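Asker: For reference, the file target-v5.cif (mmCIF, N, CA and C atoms and all ligand atoms) is included below:
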```cif
data_target
loop_
_atom_site.label_atom_id
_atom_site.label_comp_id
_atom_site.auth_asym_id
_atom_site.auth_seq_id
_atom_site.Cartn_x
_atom_site.Cartn_y
_atom_site.Cartn_z
N MET A 1 128.57 97.83 94.60
CA MET A 1 128.98 98.16 95.97
C MET A 1 128.91 96.90 96.82
N ALA A 2 129.69 96.88 97.89
CA ALA A 2 129.71 95.73 98.80
C ALA A 2 128.36 95.59 99.51
N LEU A 3 128.16 94.36 99.97
CA LEU A 3 126.94 94.08 100.73
C LEU A 3 127.15 94.53 102.18
N SER A 4 126.16 95.20 102.76
CA SER A 4 126.22 95.55 104.18
C SER A 4 125.20 94.71 104.92
N VAL A 5 125.49 94.49 106.19
CA VAL A 5 124.57 93.71 107.01
C VAL A 5 124.16 94.53 108.23
N ILE A 6 122.86 94.67 108.44
CA ILE A 6 122.35 95.30 109.65
C ILE A 6 121.92 94.17 110.57
N GLU A 7 122.53 94.10 111.75
CA GLU A 7 122.16 93.07 112.73
C GLU A 7 121.04 93.59 113.60
N VAL A 8 120.01 92.78 113.74
CA VAL A 8 118.84 93.18 114.53
C VAL A 8 118.62 92.13 115.62
N SER A 9 118.47 92.58 116.86
CA SER A 9 118.14 91.66 117.95
C SER A 9 116.73 91.95 118.42
N SER A 10 115.84 91.02 118.14
CA SER A 10 114.45 91.22 118.61
C SER A 10 114.39 90.81 120.07
N THR A 11 113.45 91.41 120.80
CA THR A 11 113.34 91.13 122.23
C THR A 11 112.00 90.50 122.60
N SER A 12 111.08 90.39 121.62
CA SER A 12 109.80 89.73 121.89
C SER A 12 109.52 88.70 120.81
N THR A 13 108.46 87.94 121.02
CA THR A 13 108.06 86.92 120.04
C THR A 13 107.70 87.59 118.72
N GLN A 14 106.86 88.64 118.81
CA GLN A 14 106.45 89.36 117.62
C GLN A 14 106.71 90.84 117.86
N GLN A 15 107.41 91.45 116.92
CA GLN A 15 107.87 92.81 117.16
C GLN A 15 108.23 93.48 115.83
N PHE A 16 107.82 94.72 115.68
CA PHE A 16 108.26 95.52 114.53
C PHE A 16 109.36 96.46 115.04
N ILE A 17 110.51 96.42 114.39
CA ILE A 17 111.64 97.24 114.84
C ILE A 17 111.97 98.27 113.76
N ASP A 18 111.91 99.53 114.14
CA ASP A 18 112.19 100.62 113.19
C ASP A 18 113.70 100.67 112.93
N ILE A 19 114.11 100.34 111.70
CA ILE A 19 115.54 100.33 111.37
C ILE A 19 115.90 101.47 110.41
N THR A 20 115.01 102.44 110.28
CA THR A 20 115.23 103.54 109.33
C THR A 20 116.58 104.23 109.53
N ASP A 21 116.90 104.58 110.78
CA ASP A 21 118.16 105.30 111.05
C ASP A 21 119.37 104.45 110.67
N ARG A 22 119.27 103.16 110.90
CA ARG A 22 120.41 102.28 110.58
C ARG A 22 120.58 102.13 109.08
N VAL A 23 119.47 102.13 108.36
CA VAL A 23 119.57 102.06 106.90
C VAL A 23 120.14 103.37 106.37
N GLU A 24 119.68 104.49 106.92
CA GLU A 24 120.22 105.81 106.53
C GLU A 24 121.74 105.85 106.73
N GLU A 25 122.18 105.24 107.84
CA GLU A 25 123.61 105.23 108.15
C GLU A 25 124.40 104.46 107.09
N VAL A 26 123.85 103.32 106.65
CA VAL A 26 124.51 102.53 105.61
C VAL A 26 124.60 103.35 104.31
N VAL A 27 123.50 104.04 104.00
CA VAL A 27 123.47 104.86 102.78
C VAL A 27 124.51 105.98 102.89
N ARG A 28 124.54 106.63 104.04
CA ARG A 28 125.50 107.75 104.23
C ARG A 28 126.94 107.25 104.08
N LYS A 29 127.24 106.12 104.72
CA LYS A 29 128.61 105.58 104.65
C LYS A 29 128.99 105.15 103.23
N SER A 30 128.00 104.78 102.42
CA SER A 30 128.29 104.33 101.05
C SER A 30 128.75 105.48 100.18
N GLY A 31 128.36 106.71 100.55
CA GLY A 31 128.74 107.87 99.76
C GLY A 31 127.94 108.03 98.47
N VAL A 32 126.97 107.14 98.27
CA VAL A 32 126.15 107.21 97.05
C VAL A 32 125.15 108.36 97.17
N ARG A 33 125.11 109.21 96.15
CA ARG A 33 124.20 110.36 96.17
C ARG A 33 122.83 110.02 95.59
N ASN A 34 122.87 109.24 94.50
CA ASN A 34 121.62 108.85 93.84
C ASN A 34 121.70 107.39 93.42
N GLY A 35 120.65 106.66 93.73
CA GLY A 35 120.65 105.24 93.38
C GLY A 35 119.50 104.51 94.03
N ILE A 36 119.77 103.23 94.34
CA ILE A 36 118.74 102.38 94.91
C ILE A 36 119.29 101.67 96.13
N CYS A 37 118.50 101.62 97.18
CA CYS A 37 118.86 100.85 98.38
C CYS A 37 117.93 99.65 98.43
N PHE A 38 118.53 98.47 98.26
CA PHE A 38 117.75 97.24 98.27
C PHE A 38 117.97 96.54 99.61
N LEU A 39 116.87 96.21 100.29
CA LEU A 39 116.96 95.57 101.62
C LEU A 39 116.33 94.19 101.54
N TYR A 40 117.06 93.20 102.06
CA TYR A 40 116.59 91.83 101.97
C TYR A 40 116.72 91.11 103.32
N VAL A 41 115.66 90.44 103.74
CA VAL A 41 115.65 89.69 105.01
C VAL A 41 115.76 88.19 104.70
N PRO A 42 116.90 87.56 105.05
CA PRO A 42 117.11 86.14 104.71
C PRO A 42 116.60 85.19 105.79
N HIS A 43 115.35 85.36 106.19
CA HIS A 43 114.77 84.51 107.24
C HIS A 43 113.36 84.09 106.83
N THR A 44 112.92 82.92 107.31
CA THR A 44 111.61 82.41 106.90
C THR A 44 110.49 82.79 107.88
N THR A 45 110.86 83.35 109.02
CA THR A 45 109.83 83.73 109.99
C THR A 45 109.96 85.20 110.39
N ALA A 46 110.49 86.00 109.49
CA ALA A 46 110.59 87.45 109.69
C ALA A 46 110.32 88.10 108.35
N GLY A 47 110.08 89.40 108.38
CA GLY A 47 109.82 90.11 107.13
C GLY A 47 110.29 91.54 107.23
N ILE A 48 109.93 92.33 106.23
CA ILE A 48 110.31 93.75 106.23
C ILE A 48 109.20 94.53 105.54
N THR A 49 108.93 95.71 106.06
CA THR A 49 107.90 96.53 105.44
C THR A 49 108.18 98.01 105.66
N ILE A 50 107.55 98.83 104.85
CA ILE A 50 107.64 100.27 105.01
C ILE A 50 106.25 100.76 105.39
N ASN A 51 106.17 101.51 106.48
CA ASN A 51 104.88 102.10 106.86
C ASN A 51 105.12 103.25 107.83
N GLU A 52 104.05 103.76 108.38
CA GLU A 52 104.16 104.96 109.22
C GLU A 52 104.95 104.70 110.51
N ASN A 53 105.92 105.58 110.79
CA ASN A 53 106.66 105.47 112.05
C ASN A 53 106.44 106.69 112.95
N ALA A 54 105.42 107.50 112.61
CA ALA A 54 105.12 108.67 113.44
C ALA A 54 104.17 108.27 114.57
N ASP A 55 103.07 107.63 114.22
CA ASP A 55 102.10 107.18 115.22
C ASP A 55 102.27 105.68 115.44
N PRO A 56 102.75 105.27 116.62
CA PRO A 56 102.99 103.85 116.90
C PRO A 56 101.73 102.98 116.84
N SER A 57 100.53 103.63 116.87
CA SER A 57 99.29 102.85 116.77
C SER A 57 99.19 102.15 115.42
N VAL A 58 99.81 102.72 114.39
CA VAL A 58 99.72 102.11 113.06
C VAL A 58 100.36 100.73 113.08
N VAL A 59 101.57 100.64 113.64
CA VAL A 59 102.25 99.35 113.71
C VAL A 59 101.45 98.37 114.58
N ARG A 60 100.90 98.87 115.67
CA ARG A 60 100.09 97.98 116.52
C ARG A 60 98.87 97.47 115.77
N ASP A 61 98.24 98.34 114.99
CA ASP A 61 97.08 97.91 114.19
C ASP A 61 97.48 96.84 113.18
N ILE A 62 98.63 97.03 112.54
CA ILE A 62 99.09 96.04 111.56
C ILE A 62 99.33 94.70 112.25
N MET A 63 100.03 94.76 113.39
CA MET A 63 100.34 93.51 114.11
C MET A 63 99.06 92.82 114.60
N GLU A 64 98.12 93.60 115.12
CA GLU A 64 96.89 93.00 115.63
C GLU A 64 96.03 92.43 114.50
N THR A 65 96.06 93.09 113.36
CA THR A 65 95.29 92.58 112.21
C THR A 65 95.91 91.29 111.68
N LEU A 66 97.25 91.26 111.61
CA LEU A 66 97.92 90.02 111.20
C LEU A 66 97.59 88.88 112.17
N GLU A 67 97.54 89.22 113.44
CA GLU A 67 97.24 88.20 114.46
C GLU A 67 95.82 87.67 114.30
N ARG A 68 94.88 88.55 113.95
CA ARG A 68 93.50 88.10 113.72
C ARG A 68 93.43 87.18 112.50
N LEU A 69 94.17 87.56 111.45
CA LEU A 69 94.15 86.77 110.21
C LEU A 69 94.88 85.44 110.37
N VAL A 70 96.02 85.49 111.08
CA VAL A 70 96.88 84.31 111.20
C VAL A 70 97.24 84.13 112.68
N PRO A 71 96.32 83.62 113.47
CA PRO A 71 96.58 83.50 114.92
C PRO A 71 97.70 82.50 115.25
N VAL A 72 98.43 82.82 116.32
CA VAL A 72 99.53 81.95 116.77
C VAL A 72 99.04 80.52 116.97
N ASN A 73 97.85 80.39 117.57
CA ASN A 73 97.35 79.06 117.89
C ASN A 73 96.31 78.54 116.91
N GLY A 74 96.44 78.92 115.65
CA GLY A 74 95.53 78.40 114.64
C GLY A 74 95.84 76.94 114.32
N ARG A 75 95.08 76.39 113.39
CA ARG A 75 95.33 74.98 113.00
C ARG A 75 96.23 74.96 111.78
N TYR A 76 97.42 74.40 111.94
CA TYR A 76 98.40 74.37 110.84
C TYR A 76 99.01 72.97 110.73
N ARG A 77 99.61 72.70 109.58
CA ARG A 77 100.25 71.40 109.37
C ARG A 77 101.71 71.38 109.86
N HIS A 78 102.40 72.51 109.69
CA HIS A 78 103.81 72.61 110.09
C HIS A 78 103.93 72.34 111.59
N LEU A 79 104.76 71.35 111.93
CA LEU A 79 104.78 70.87 113.32
C LEU A 79 105.74 71.61 114.24
N GLU A 80 106.48 72.55 113.69
CA GLU A 80 107.47 73.24 114.51
C GLU A 80 106.84 74.23 115.50
N GLY A 81 105.55 74.52 115.30
CA GLY A 81 104.87 75.43 116.22
C GLY A 81 104.95 76.89 115.82
N ASN A 82 105.59 77.16 114.68
CA ASN A 82 105.72 78.56 114.28
C ASN A 82 105.12 78.81 112.89
N ALA A 83 104.12 78.01 112.54
CA ALA A 83 103.50 78.14 111.22
C ALA A 83 102.97 79.56 110.99
N HIS A 84 102.38 80.15 112.04
CA HIS A 84 101.84 81.51 111.89
C HIS A 84 102.95 82.47 111.47
N ALA A 85 104.16 82.26 112.02
CA ALA A 85 105.28 83.16 111.72
C ALA A 85 105.71 83.03 110.25
N HIS A 86 105.73 81.80 109.73
CA HIS A 86 106.07 81.60 108.31
C HIS A 86 105.04 82.31 107.42
N ILE A 87 103.78 82.20 107.78
CA ILE A 87 102.71 82.78 106.96
C ILE A 87 102.77 84.31 107.00
N LYS A 88 102.95 84.88 108.20
CA LYS A 88 103.04 86.34 108.32
C LYS A 88 104.25 86.85 107.55
N SER A 89 105.34 86.10 107.60
CA SER A 89 106.56 86.46 106.87
C SER A 89 106.27 86.54 105.36
N SER A 90 105.52 85.56 104.85
CA SER A 90 105.21 85.59 103.42
C SER A 90 104.22 86.69 103.06
N ILE A 91 103.30 86.99 103.96
CA ILE A 91 102.34 88.06 103.68
C ILE A 91 103.06 89.40 103.55
N LEU A 92 103.99 89.68 104.47
CA LEU A 92 104.69 90.98 104.41
C LEU A 92 105.80 91.01 103.38
N GLY A 93 106.45 89.87 103.16
CA GLY A 93 107.52 89.82 102.16
C GLY A 93 108.89 90.01 102.77
N HIS A 94 109.92 89.75 101.93
CA HIS A 94 111.30 89.72 102.41
C HIS A 94 112.17 90.83 101.89
N SER A 95 111.61 91.71 101.09
CA SER A 95 112.48 92.77 100.56
C SER A 95 111.69 94.05 100.34
N VAL A 96 112.41 95.17 100.45
CA VAL A 96 111.87 96.46 100.04
C VAL A 96 112.99 97.20 99.33
N CYS A 97 112.59 98.14 98.51
CA CYS A 97 113.52 98.93 97.73
C CYS A 97 113.19 100.40 97.99
N VAL A 98 114.20 101.20 98.28
CA VAL A 98 113.97 102.63 98.49
C VAL A 98 114.92 103.41 97.60
N LEU A 99 114.43 104.46 96.96
CA LEU A 99 115.30 105.28 96.13
C LEU A 99 116.21 106.12 97.02
N ILE A 100 117.43 106.35 96.56
CA ILE A 100 118.35 107.24 97.26
C ILE A 100 118.40 108.54 96.47
N GLU A 101 118.06 109.63 97.14
CA GLU A 101 118.05 110.94 96.49
C GLU A 101 118.91 111.90 97.28
N GLU A 102 119.93 112.45 96.62
CA GLU A 102 120.86 113.40 97.27
C GLU A 102 121.42 112.83 98.57
N GLY A 103 121.80 111.56 98.54
CA GLY A 103 122.47 110.94 99.68
C GLY A 103 121.56 110.49 100.80
N ARG A 104 120.26 110.64 100.61
CA ARG A 104 119.33 110.24 101.66
C ARG A 104 118.28 109.29 101.12
N LEU A 105 117.69 108.51 102.03
CA LEU A 105 116.59 107.62 101.62
C LEU A 105 115.41 108.48 101.18
N GLY A 106 114.85 108.13 100.04
CA GLY A 106 113.71 108.89 99.51
C GLY A 106 112.40 108.41 100.09
N LEU A 107 112.30 108.41 101.42
CA LEU A 107 111.06 107.99 102.07
C LEU A 107 110.10 109.16 102.17
N GLY A 108 108.81 108.86 102.22
CA GLY A 108 107.80 109.89 102.46
C GLY A 108 107.92 110.39 103.90
N THR A 109 107.32 111.53 104.16
CA THR A 109 107.44 112.18 105.48
C THR A 109 107.13 111.24 106.64
N TRP A 110 106.11 110.41 106.49
CA TRP A 110 105.66 109.57 107.61
C TRP A 110 106.16 108.14 107.51
N GLN A 111 106.99 107.87 106.52
CA GLN A 111 107.41 106.49 106.32
C GLN A 111 108.67 106.11 107.08
N GLY A 112 108.70 104.87 107.54
CA GLY A 112 109.89 104.30 108.14
C GLY A 112 110.03 102.87 107.66
N VAL A 113 111.25 102.31 107.81
CA VAL A 113 111.49 100.92 107.42
C VAL A 113 111.46 100.07 108.69
N PHE A 114 110.64 99.03 108.66
CA PHE A 114 110.51 98.16 109.82
C PHE A 114 110.96 96.74 109.53
N PHE A 115 111.83 96.22 110.40
CA PHE A 115 112.11 94.79 110.41
C PHE A 115 110.97 94.16 111.21
N CYS A 116 110.41 93.07 110.71
CA CYS A 116 109.23 92.47 111.34
C CYS A 116 109.55 91.08 111.87
N GLU A 117 109.63 90.98 113.18
CA GLU A 117 109.91 89.69 113.83
C GLU A 117 108.60 88.97 114.12
N PHE A 118 108.55 87.66 113.76
CA PHE A 118 107.35 86.88 114.07
C PHE A 118 107.65 85.63 114.89
N ASP A 119 108.95 85.37 115.14
CA ASP A 119 109.31 84.18 115.91
C ASP A 119 110.55 84.44 116.76
N GLY A 120 110.48 85.53 117.52
CA GLY A 120 111.61 85.93 118.34
C GLY A 120 111.48 85.40 119.75
N PRO A 121 112.32 85.90 120.65
CA PRO A 121 113.43 86.81 120.32
C PRO A 121 114.61 86.07 119.68
N ARG A 122 115.24 86.75 118.73
CA ARG A 122 116.37 86.15 118.00
C ARG A 122 117.31 87.24 117.51
N ARG A 123 118.48 86.80 117.11
CA ARG A 123 119.39 87.70 116.39
C ARG A 123 119.13 87.50 114.91
N ARG A 124 118.91 88.59 114.20
CA ARG A 124 118.53 88.52 112.79
C ARG A 124 119.44 89.40 111.94
N LYS A 125 119.29 89.26 110.63
CA LYS A 125 120.07 90.07 109.70
C LYS A 125 119.19 90.71 108.65
N VAL A 126 119.55 91.92 108.28
CA VAL A 126 118.95 92.55 107.11
C VAL A 126 120.12 92.85 106.16
N LEU A 127 120.06 92.31 104.96
CA LEU A 127 121.13 92.55 103.99
C LEU A 127 120.80 93.81 103.20
N VAL A 128 121.81 94.62 102.98
CA VAL A 128 121.60 95.90 102.30
C VAL A 128 122.53 95.99 101.10
N LYS A 129 121.96 96.23 99.93
CA LYS A 129 122.76 96.41 98.72
C LYS A 129 122.45 97.81 98.16
N ILE A 130 123.50 98.60 98.03
CA ILE A 130 123.34 99.95 97.49
C ILE A 130 123.78 99.94 96.03
N ILE A 131 122.92 100.41 95.17
CA ILE A 131 123.26 100.44 93.74
C ILE A 131 123.33 101.90 93.30
N ARG A 132 124.50 102.26 92.81
CA ARG A 132 124.73 103.65 92.40
C ARG A 132 124.15 103.91 91.01
N GLU A 133 123.48 105.04 90.85
CA GLU A 133 122.95 105.43 89.54
C GLU A 133 124.13 105.74 88.61
N GLN A 134 124.01 105.29 87.38
CA GLN A 134 125.12 105.49 86.43
C GLN A 134 125.28 106.95 86.04
ZN ZN B 201 109.03 76.57 111.16
#
```
Just give me the structure as structure tokens.
Ligand code: ZN

Answerer:
Amino acid sequence: MALSVIEVSSTSTQQFIDITDRVEEVVRKSGVRNGICFLYVPHTTAGITINENADPSVVRDIMETLERLVPVNGRYRHLEGNAHAHIKSSILGHSVCVLIEEGRLGLGTWQGVFFCEFDGPRRRKVLVKIIREQ
């Protein structure tokens, strides 16, 4: 199947953006009933993760914990000033895979897909590849 691109515009320096509905839309438009949805973030200071989207405190806890572990103003060698963002990006990772079941994302009840901005605000991309089950 063709590659789809979800464009994301972050509005803060660090921000988790729930893109679940937009991914569902790509899956629906693909017409694939069963398969795999592969999501890839082609950026060095952003990431992607799946976690709870029911209680917003969960995302805040994740962001605050990352900030404690990798503070913006820590001591780093990278001179661009965004070393913390590169590190957070690597901790969370650049891809997630979700099963497609009966035309829908096979997420758990409380799960959502989040694009994770660490050096915004910027315009970003999430690449989506849908693989149909044989
Ligand atoms: Zn950098």

Asker: Could you list, as JSON, numbers by chain, all protein and nucleic acid residues with an atom at most 6 Å from ligand ZN 201 (chain B), counting only N, CA and C atoms and all ligand atoms?

Answerer: {"A": [80, 81, 82, 83]}

Asker: Could you work out how far atom N of A:Glu24 lies from atom CA of A:Ser95, giving the answer in Å with one decimal?

Answerer: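 Atom CA of A:Ser95 sits 15.2 Å away from atom N of A:Glu24.
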
Asker: Can you tell me which residues surround A:Pro121 at a distance of at most 9 Å, considering only C-alpha atoms, apart from same-chain residues fewer than 5 positions away, and format the answer as number ranges by chain?

Answerer: A: 9-15

Asker: Need the shell around A:Gln134: protein/DNA/RNA residues with any atom at most 8 Å away, counting all atoms listed in the file. Skip same-chain ones fewer than 3 positions apart. Format as a PyMOL selection string?

Answerer: chain A and resi 34-35+131

Asker: Distance atom N of A:Ile100-atom CA of A:Cys37, one decimal place?

Answerer: 6.0 Å

Asker: Work out how far atom CA of A:Val32 is from atom CA of A:Leu107, in Å to one decimal.

Answerer: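 Distance reported for this atom pair: 15.9 Å.
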